[in-house]
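Input: a single structure, listed below in structure tokens.
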Amino acid sequence: MRRPSGWWRSPKPLVFGVCLVPLALLVLDGFQGRLGANPVETITHATGLWGLRLLLLTLSITPLRRLCGWNRLIAYRRMLGLFAFFYASLHLSTYLVFDQFFDLRAIWDDVLERPYITLGFSAFVLLVPLAVTSTNGWIRRLGKRWVTLHKLIYPAAILVSAHFLWLVKADYRESGIYALILALLLGYRLLPVRTGKRRRSRTAQANGAMGRVSR
Amino acid sequence: MLFKSPPDIRPSEITDQAVYLDRRRFLCTAAVTGAAVLAAPQLASAAVSLGEIKPGPFSTDEQPNSYDDITSYNNFYELGTGKSDPKVNARYLKTDPWSVTIDGEVSKPGTYALEDLLAPHAIEERTYRLRCVEAWSMVIPWNGIPLGDVLKRFEPTSRAKYVAFTSILDPENLPGQRRSVLDWPYVEGLRIDEAMHPLTLLAVGLYGEIMPNQNGAPIRLVVPWKYGFKSAKSIVRITLTEDQPPTSWNLSSAREYGFYSNVNPEVNHPRWSQAKERRIGEFFKRPTLPFNGYGDQVASLYNGMDLKANF
């Protein structure tokens with residue numbers, strides 16, 4: 001904690017800890033033999049689901065700032081985005097290690113031939129540069145181009161959602177709910193921003209994805 | 001432990017089979033069971049012994065999956081689409097009384113109480129591999145009777161070319177049937193020669209105990225060389241037909257689930273590979289065998305057929 005005034009002033013460590021809870025629970029379940037009959041599947045589903053949830057949380061920061069004026073939320077967006085990437089990495093690693101055990105041929109066949117794996121893999125590829133350029137140094141170096149680059153989160157999120165929808169056999173309820181939430185979050189961004197009416201919302205928009213830069 | 005190995009002691013070895021001869025009599029001995037449950041709380045969900053079971057042919061000597069794995073991880077969409085749902089919702093399946101209607105192209109159609117349907121047959125133990133279309137597999141010690149022996153009693157006519165199976169329809173009780181994930185009731189079908197094949201089983205139990213609700217109580221089909229969804233659960237009607245009957249997953253997505261759905265590592269599901277499978281309880285995937293390893297017994301049924309076209 002950089003600020004001496006206590007965690008309630010800067011609850012970043014708290015948010016960081018909360019983001020690790022799903023992983024901690026998974027590890028705990030693993031050691032207690034509670035991952036069910038198919039532990040690899042349980043791990044794959046849990047890490048994938050938390051990656052998606054954190055991605056949606058990341059995407060909800062801008063609407064929340066605009067709708068509620070909670071501008072301080074911007075301080076958590078990078079952390080949430082990186083945790084989304086963290087869980088996506090665990091999800092992909094589970095597939096590569098436990099599911100295919102580095103069978104490169106089978107993995108390549110999957111990526112090329114299984115649409116839902118193609119989509120999931122593409123989403124991950126799009127998220128990599130975002131994670132890499134999330135440091136203050138890269139934000140400074142890229143300037144305005146940083147904002148443009150980080151718009152990749154939109155196609156990435158759409159790919160993730162499609163990845164989830166496409167692997168379902170018949171029951172689209174769960175994956176459909178997440179797709180709906182994503183549609184709302186992205187649709188909100190298509191709405192014209194009312195300028196002048198609320199100064200706060202204008203500021204929020206001006207800051208936009210550049211929250212970090214303008215700080 | 002990340003990966004559980006099957007327990008050394010089977011529930012069937014713990015439950016004293018001599019105490020229970022059939023499930024009807026069991027109802028009268030509920031007090032005894034209560035005591036047994038108290039004495040062994042870990043077996044609280046373990047069901048009732050089937051009584052005398054003779055060893056049957058075709059059993060694999062592979063290590064069976066644990067009773068716990070078999071009864072806590074499976075698909076039974078009538079009880080929910082998640083793989084732990086069937087166990088969680090098992091109580092919503094009402095199996096007593098149960099009767100099965102046999103009709104269509106048979107000389108002796110009729111509706112039979114389950115006990116009467118089973119009465120003339122000796123229950124056999126058949127430990128079969130089960131390969132799910134989702135690329136996981138198990139080894140399950142089923143108890144049941146060959147379907148062919150049952151069908152012969154009702155004298156199929158010369159026009160009987162197929163056998164259709166209908167599962168229970170009870171949307172008031174079955175949570176899964178209140179949503180139209182599939183067209184209810186669940187229907188499945190076999191060609192008559194597949195149905196009469198000695199491997200094909202009408203199962204009424206596993207591990208020596210009556211079929212747990214979540215696995216398709218009280219009577220279900222087991223066709224070990226086909227993907228698991230072909231083996232209809234909780235069967236209420238068996239109809240012999242001249243024409244190929246409609247089947248639930250085929251109606252849901254014809255390009256993904258064919259009528260035959262024989263286990264075939266060469267024919268992938270359009271969305272995932274069928275070349276390998278995860279045997280529940282094992283760390284590494286293992287290669288999937290043609291006809292789930294029962295090729296010696298059943299490959300001849302499909303002589304001259306293009307199995308890629310007739311998937």
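A note on labels: chains of the structure tokens are A, B, ... as shown, every chain counts residues from 1, and ligands are counted from 1 in their shown order.
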Starting from chain B, keep only residues with some atom at most 10 Å from an atom of chain A, counting only C-alpha atoms, and report them as an MDAnalysis selection string. chainID B and resid 1:5 65:66 68:74 77 80:84 134 136 179:182 249 252:253 256 268:273 275:285
When DSSP is applied to the backbone of this structure, which of segment 40-269 of chain B are assigned alpha helix (DSSP H)? Write them out as a ChimeraX atom specification. /B:67-72,85-88,114-118,147-153,192-196,248-252
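The shell of residues at most 7 Å from segment 80-89 of chain A, with only C-alpha atoms counted and near chain neighbours (fewer than 6 positions) removed, consists of Cys19, Thr47, Gly48, Trp50, Gly51, Leu52, Leu54, Leu55, Thr58, Leu127 and Ala131 of chain A.
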Thr101 of chain B environment, 12 Å, only C-alpha atoms, sequence neighbours closer than 3 positions dropped, as number ranges by chain: B: 98, 104, 106, 108-114, 116-117, 151, 154, 164-168, 235-240
Among segment 89-260 of chain B, which residues carry a DSSP assignment of strand (DSSP E or B), reported as number ranges by chain? B: 99-104, 106, 110-113, 124-131, 136-146, 156, 162-167, 187-191, 201-206, 209-210, 220-222, 226, 235-241
Could you write out the selected residues, including C-alpha atoms, as a compact mmCIF listing (two decimals), in the first residue's frame?
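Contents of out_30.txt, freshly written:
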# COMPACT_ATOMS: atom_id res chain seq x y z
CA SER B 99 -44.98 -50.24 -16.34
CA VAL B 100 -43.66 -50.70 -19.83
CA THR B 101 -45.81 -50.84 -22.95
CA ILE B 102 -44.65 -53.05 -25.79
CA ASP B 103 -46.49 -52.40 -29.03
CA GLY B 104 -46.18 -51.96 -32.78
CA VAL B 106 -45.39 -57.63 -32.31
CA GLY B 110 -49.37 -55.18 -24.01
CA THR B 111 -48.54 -53.14 -20.97
CA TYR B 112 -46.61 -54.90 -18.26
CA ALA B 113 -45.72 -54.04 -14.70
CA GLU B 124 -26.78 -60.76 -15.45
CA GLU B 125 -23.74 -58.70 -14.60
CA ARG B 126 -22.24 -57.03 -17.66
CA THR B 127 -19.28 -54.73 -17.13
CA TYR B 128 -19.23 -52.53 -20.21
CA ARG B 129 -17.30 -49.53 -21.40
CA LEU B 130 -19.49 -46.47 -21.88
CA ARG B 131 -18.34 -43.79 -24.32
CA TRP B 136 -15.43 -38.96 -21.86
CA SER B 137 -15.84 -42.60 -20.90
CA MET B 138 -16.39 -44.91 -17.98
CA VAL B 139 -16.47 -48.62 -17.19
CA ILE B 140 -19.78 -49.58 -15.59
CA PRO B 141 -20.83 -52.90 -14.06
CA TRP B 142 -24.41 -52.98 -15.30
CA ASN B 143 -27.00 -55.51 -14.19
CA GLY B 144 -29.66 -56.37 -16.67
CA ILE B 145 -31.14 -58.74 -19.20
CA PRO B 146 -30.47 -59.04 -22.91
CA PRO B 156 -41.88 -59.42 -33.39
CA TYR B 162 -36.63 -51.13 -36.03
CA VAL B 163 -37.20 -50.75 -32.30
CA ALA B 164 -38.17 -47.39 -30.81
CA PHE B 165 -37.73 -46.56 -27.14
CA THR B 166 -39.68 -43.85 -25.35
CA SER B 167 -38.58 -42.45 -22.01
CA VAL B 187 -37.02 -41.08 -27.96
CA GLU B 188 -34.31 -43.37 -29.26
CA GLY B 189 -34.12 -46.21 -31.71
CA LEU B 190 -32.17 -49.18 -32.96
CA ARG B 191 -32.27 -51.36 -36.02
CA LEU B 201 -28.89 -54.86 -22.56
CA LEU B 202 -31.99 -53.73 -20.72
CA ALA B 203 -30.33 -52.66 -17.49
CA VAL B 204 -32.13 -52.51 -14.16
CA GLY B 205 -29.18 -51.90 -11.89
CA LEU B 206 -25.48 -51.32 -11.44
CA GLU B 209 -28.09 -52.54 -6.76
CA ILE B 210 -31.29 -51.34 -8.35
CA ARG B 220 -32.84 -48.39 -19.31
CA LEU B 221 -31.11 -49.41 -22.46
CA VAL B 222 -27.35 -50.09 -22.68
CA LYS B 226 -22.80 -46.61 -29.51
CA ILE B 235 -38.10 -46.47 -20.60
CA VAL B 236 -41.92 -46.59 -20.62
CA ARG B 237 -42.57 -47.81 -24.16
CA ILE B 238 -40.86 -50.12 -26.62
CA THR B 239 -42.35 -49.99 -30.09
CA LEU B 240 -41.34 -52.23 -32.97
CA THR B 241 -41.66 -50.40 -36.25
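With only C-alpha atoms as the atoms that count, the residue of A:Tyr178, A:Trp146, A:Tyr188, A:Phe16 with the shortest distance to Thr133 of chain A is A:Trp146.
Proximity ranking of B:Gly258, B:Pro175, B:Gly51, B:Gly228 relative to Asn215 of chain B places B:Gly228 first, based on only C-alpha atoms.
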Just the residues within 10 Å of Ala179 of chain A, please, counting only C-alpha atoms, with nothing from its chain fewer than 3 positions along; format it as a PDB file with all heavy atoms, in the first residue's frame.
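Just written: around05.pdb:
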ATOM      1  N   LEU A  56     -16.239  -9.233 -18.492  1.00  0.00           N
ATOM      2  CA  LEU A  56     -17.479  -8.452 -18.482  1.00  0.00           C
ATOM      3  C   LEU A  56     -17.416  -7.363 -17.407  1.00  0.00           C
ATOM      4  O   LEU A  56     -17.897  -6.244 -17.633  1.00  0.00           O
ATOM      5  CB  LEU A  56     -18.685  -9.370 -18.241  1.00  0.00           C
ATOM      6  CG  LEU A  56     -18.987 -10.371 -19.358  1.00  0.00           C
ATOM      7  CD1 LEU A  56     -20.152 -11.278 -18.983  1.00  0.00           C
ATOM      8  CD2 LEU A  56     -19.291  -9.653 -20.680  1.00  0.00           C
ATOM      9  N   ALA A 157     -14.032  -9.942 -26.563  1.00  0.00           N
ATOM     10  CA  ALA A 157     -15.170 -10.342 -25.733  1.00  0.00           C
ATOM     11  C   ALA A 157     -16.253 -11.019 -26.573  1.00  0.00           C
ATOM     12  O   ALA A 157     -16.869 -11.994 -26.141  1.00  0.00           O
ATOM     13  CB  ALA A 157     -15.743  -9.126 -25.016  1.00  0.00           C
ATOM     14  N   ILE A 158     -16.458 -10.499 -27.791  1.00  0.00           N
ATOM     15  CA  ILE A 158     -17.463 -11.121 -28.669  1.00  0.00           C
ATOM     16  C   ILE A 158     -17.029 -12.548 -29.016  1.00  0.00           C
ATOM     17  O   ILE A 158     -17.830 -13.486 -29.002  1.00  0.00           O
ATOM     18  CB  ILE A 158     -17.666 -10.267 -29.945  1.00  0.00           C
ATOM     19  CG1 ILE A 158     -18.331  -8.939 -29.554  1.00  0.00           C
ATOM     20  CG2 ILE A 158     -18.512 -11.010 -30.969  1.00  0.00           C
ATOM     21  CD1 ILE A 158     -18.338  -7.899 -30.655  1.00  0.00           C
ATOM     22  N   VAL A 160     -15.093 -14.511 -27.235  1.00  0.00           N
ATOM     23  CA  VAL A 160     -15.218 -15.347 -26.038  1.00  0.00           C
ATOM     24  C   VAL A 160     -16.667 -15.811 -25.874  1.00  0.00           C
ATOM     25  O   VAL A 160     -16.949 -16.986 -25.612  1.00  0.00           O
ATOM     26  CB  VAL A 160     -14.756 -14.580 -24.774  1.00  0.00           C
ATOM     27  CG1 VAL A 160     -15.127 -15.354 -23.517  1.00  0.00           C
ATOM     28  CG2 VAL A 160     -13.255 -14.344 -24.819  1.00  0.00           C
ATOM     29  N   SER A 161     -17.574 -14.867 -26.060  1.00  0.00           N
ATOM     30  CA  SER A 161     -18.989 -15.189 -25.905  1.00  0.00           C
ATOM     31  C   SER A 161     -19.434 -16.223 -26.949  1.00  0.00           C
ATOM     32  O   SER A 161     -20.161 -17.175 -26.636  1.00  0.00           O
ATOM     33  CB  SER A 161     -19.809 -13.899 -26.039  1.00  0.00           C
ATOM     34  OG  SER A 161     -21.109 -14.108 -25.583  1.00  0.00           O
ATOM     35  N   ALA A 162     -18.969 -16.026 -28.185  1.00  0.00           N
ATOM     36  CA  ALA A 162     -19.317 -16.978 -29.243  1.00  0.00           C
ATOM     37  C   ALA A 162     -18.702 -18.350 -28.960  1.00  0.00           C
ATOM     38  O   ALA A 162     -19.319 -19.388 -29.205  1.00  0.00           O
ATOM     39  CB  ALA A 162     -18.838 -16.453 -30.593  1.00  0.00           C
ATOM     40  N   PHE A 164     -18.231 -19.674 -26.086  1.00  0.00           N
ATOM     41  CA  PHE A 164     -19.065 -20.298 -25.057  1.00  0.00           C
ATOM     42  C   PHE A 164     -20.367 -20.817 -25.678  1.00  0.00           C
ATOM     43  O   PHE A 164     -20.784 -21.959 -25.440  1.00  0.00           O
ATOM     44  CB  PHE A 164     -19.338 -19.261 -23.960  1.00  0.00           C
ATOM     45  CG  PHE A 164     -19.914 -19.819 -22.688  1.00  0.00           C
ATOM     46  CD1 PHE A 164     -20.061 -21.186 -22.471  1.00  0.00           C
ATOM     47  CD2 PHE A 164     -20.304 -18.953 -21.670  1.00  0.00           C
ATOM     48  CE1 PHE A 164     -20.591 -21.680 -21.283  1.00  0.00           C
ATOM     49  CE2 PHE A 164     -20.839 -19.432 -20.480  1.00  0.00           C
ATOM     50  CZ  PHE A 164     -20.983 -20.795 -20.295  1.00  0.00           C
ATOM     51  N   LEU A 165     -20.993 -19.979 -26.524  1.00  0.00           N
ATOM     52  CA  LEU A 165     -22.261 -20.393 -27.138  1.00  0.00           C
ATOM     53  C   LEU A 165     -22.073 -21.617 -28.023  1.00  0.00           C
ATOM     54  O   LEU A 165     -22.920 -22.507 -28.071  1.00  0.00           O
ATOM     55  CB  LEU A 165     -22.837 -19.241 -27.973  1.00  0.00           C
ATOM     56  CG  LEU A 165     -23.512 -18.104 -27.213  1.00  0.00           C
ATOM     57  CD1 LEU A 165     -23.739 -16.910 -28.139  1.00  0.00           C
ATOM     58  CD2 LEU A 165     -24.845 -18.566 -26.621  1.00  0.00           C
ATOM     59  N   TYR A 172     -28.801 -23.473 -23.980  1.00  0.00           N
ATOM     60  CA  TYR A 172     -28.106 -22.210 -24.194  1.00  0.00           C
ATOM     61  C   TYR A 172     -28.389 -21.184 -23.111  1.00  0.00           C
ATOM     62  O   TYR A 172     -28.086 -20.014 -23.278  1.00  0.00           O
ATOM     63  CB  TYR A 172     -28.493 -21.625 -25.558  1.00  0.00           C
ATOM     64  CG  TYR A 172     -27.954 -22.446 -26.694  1.00  0.00           C
ATOM     65  CD1 TYR A 172     -28.735 -23.402 -27.335  1.00  0.00           C
ATOM     66  CD2 TYR A 172     -26.639 -22.279 -27.118  1.00  0.00           C
ATOM     67  CE1 TYR A 172     -28.227 -24.190 -28.354  1.00  0.00           C
ATOM     68  CE2 TYR A 172     -26.124 -23.046 -28.144  1.00  0.00           C
ATOM     69  CZ  TYR A 172     -26.923 -24.000 -28.757  1.00  0.00           C
ATOM     70  OH  TYR A 172     -26.399 -24.756 -29.763  1.00  0.00           O
ATOM     71  N   ARG A 173     -29.002 -21.623 -22.009  1.00  0.00           N
ATOM     72  CA  ARG A 173     -29.424 -20.642 -21.017  1.00  0.00           C
ATOM     73  C   ARG A 173     -28.235 -19.886 -20.411  1.00  0.00           C
ATOM     74  O   ARG A 173     -28.192 -18.665 -20.443  1.00  0.00           O
ATOM     75  CB  ARG A 173     -30.226 -21.330 -19.906  1.00  0.00           C
ATOM     76  CG  ARG A 173     -30.867 -20.341 -18.962  1.00  0.00           C
ATOM     77  CD  ARG A 173     -31.932 -21.003 -18.135  1.00  0.00           C
ATOM     78  NE  ARG A 173     -31.416 -22.194 -17.468  1.00  0.00           N
ATOM     79  CZ  ARG A 173     -32.112 -22.882 -16.561  1.00  0.00           C
ATOM     80  NH1 ARG A 173     -33.325 -22.498 -16.237  1.00  0.00           N
ATOM     81  NH2 ARG A 173     -31.605 -23.954 -16.004  1.00  0.00           N
ATOM     82  N   GLU A 174     -27.266 -20.648 -19.894  1.00  0.00           N
ATOM     83  CA  GLU A 174     -26.151 -19.987 -19.225  1.00  0.00           C
ATOM     84  C   GLU A 174     -25.322 -19.148 -20.189  1.00  0.00           C
ATOM     85  O   GLU A 174     -25.096 -17.960 -19.946  1.00  0.00           O
ATOM     86  CB  GLU A 174     -25.267 -21.039 -18.538  1.00  0.00           C
ATOM     87  CG  GLU A 174     -24.246 -20.411 -17.614  1.00  0.00           C
ATOM     88  CD  GLU A 174     -23.260 -21.429 -17.037  1.00  0.00           C
ATOM     89  OE1 GLU A 174     -23.178 -22.547 -17.580  1.00  0.00           O
ATOM     90  OE2 GLU A 174     -22.573 -21.085 -16.071  1.00  0.00           O
ATOM     91  N   SER A 175     -24.890 -19.756 -21.297  1.00  0.00           N
ATOM     92  CA  SER A 175     -24.054 -19.011 -22.229  1.00  0.00           C
ATOM     93  C   SER A 175     -24.847 -17.852 -22.834  1.00  0.00           C
ATOM     94  O   SER A 175     -24.294 -16.801 -23.155  1.00  0.00           O
ATOM     95  CB  SER A 175     -23.510 -19.927 -23.324  1.00  0.00           C
ATOM     96  OG  SER A 175     -24.567 -20.592 -23.977  1.00  0.00           O
ATOM     97  N   GLY A 176     -26.180 -18.033 -22.952  1.00  0.00           N
ATOM     98  CA  GLY A 176     -27.035 -16.975 -23.495  1.00  0.00           C
ATOM     99  C   GLY A 176     -27.105 -15.774 -22.569  1.00  0.00           C
ATOM    100  O   GLY A 176     -27.105 -14.622 -23.035  1.00  0.00           O
ATOM    101  N   LEU A 182     -23.101  -9.167 -22.308  1.00  0.00           N
ATOM    102  CA  LEU A 182     -22.104  -8.553 -23.188  1.00  0.00           C
ATOM    103  C   LEU A 182     -22.783  -7.621 -24.191  1.00  0.00           C
ATOM    104  O   LEU A 182     -22.308  -6.496 -24.437  1.00  0.00           O
ATOM    105  CB  LEU A 182     -21.304  -9.638 -23.924  1.00  0.00           C
ATOM    106  CG  LEU A 182     -20.300  -9.095 -24.945  1.00  0.00           C
ATOM    107  CD1 LEU A 182     -19.203  -8.290 -24.244  1.00  0.00           C
ATOM    108  CD2 LEU A 182     -19.688 -10.223 -25.764  1.00  0.00           C
ATOM    109  N   ALA A 183     -23.917  -8.073 -24.761  1.00  0.00           N
ATOM    110  CA  ALA A 183     -24.621  -7.249 -25.743  1.00  0.00           C
ATOM    111  C   ALA A 183     -25.051  -5.932 -25.103  1.00  0.00           C
ATOM    112  O   ALA A 183     -24.939  -4.864 -25.739  1.00  0.00           O
ATOM    113  CB  ALA A 183     -25.827  -8.004 -26.288  1.00  0.00           C
ATOM    114  N   LEU A 184     -25.521  -5.979 -23.868  1.00  0.00           N
ATOM    115  CA  LEU A 184     -25.930  -4.754 -23.184  1.00  0.00           C
ATOM    116  C   LEU A 184     -24.734  -3.825 -22.967  1.00  0.00           C
ATOM    117  O   LEU A 184     -24.809  -2.619 -23.203  1.00  0.00           O
ATOM    118  CB  LEU A 184     -26.588  -5.094 -21.839  1.00  0.00           C
ATOM    119  CG  LEU A 184     -27.965  -5.759 -21.913  1.00  0.00           C
ATOM    120  CD1 LEU A 184     -28.433  -6.192 -20.520  1.00  0.00           C
ATOM    121  CD2 LEU A 184     -28.983  -4.826 -22.557  1.00  0.00           C
ATOM    122  N   LEU A 185     -23.617  -4.420 -22.528  1.00  0.00           N
ATOM    123  CA  LEU A 185     -22.432  -3.607 -22.243  1.00  0.00           C
ATOM    124  C   LEU A 185     -21.884  -2.961 -23.515  1.00  0.00           C
ATOM    125  O   LEU A 185     -21.454  -1.805 -23.498  1.00  0.00           O
ATOM    126  CB  LEU A 185     -21.347  -4.467 -21.577  1.00  0.00           C
ATOM    127  CG  LEU A 185     -21.639  -4.912 -20.142  1.00  0.00           C
ATOM    128  CD1 LEU A 185     -20.578  -5.890 -19.655  1.00  0.00           C
ATOM    129  CD2 LEU A 185     -21.723  -3.708 -19.220  1.00  0.00           C
TER     130      LEU A 185
END
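For the pair atom CA of Asn173 of chain B and atom CA of Lys94 of chain B, the interatomic distance is 7.9 Å.
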Between atom CA of Leu186 of chain A and atom CA of Tyr154 of chain A, measure the distance and give it in Å to one decimal. 7.6 Å
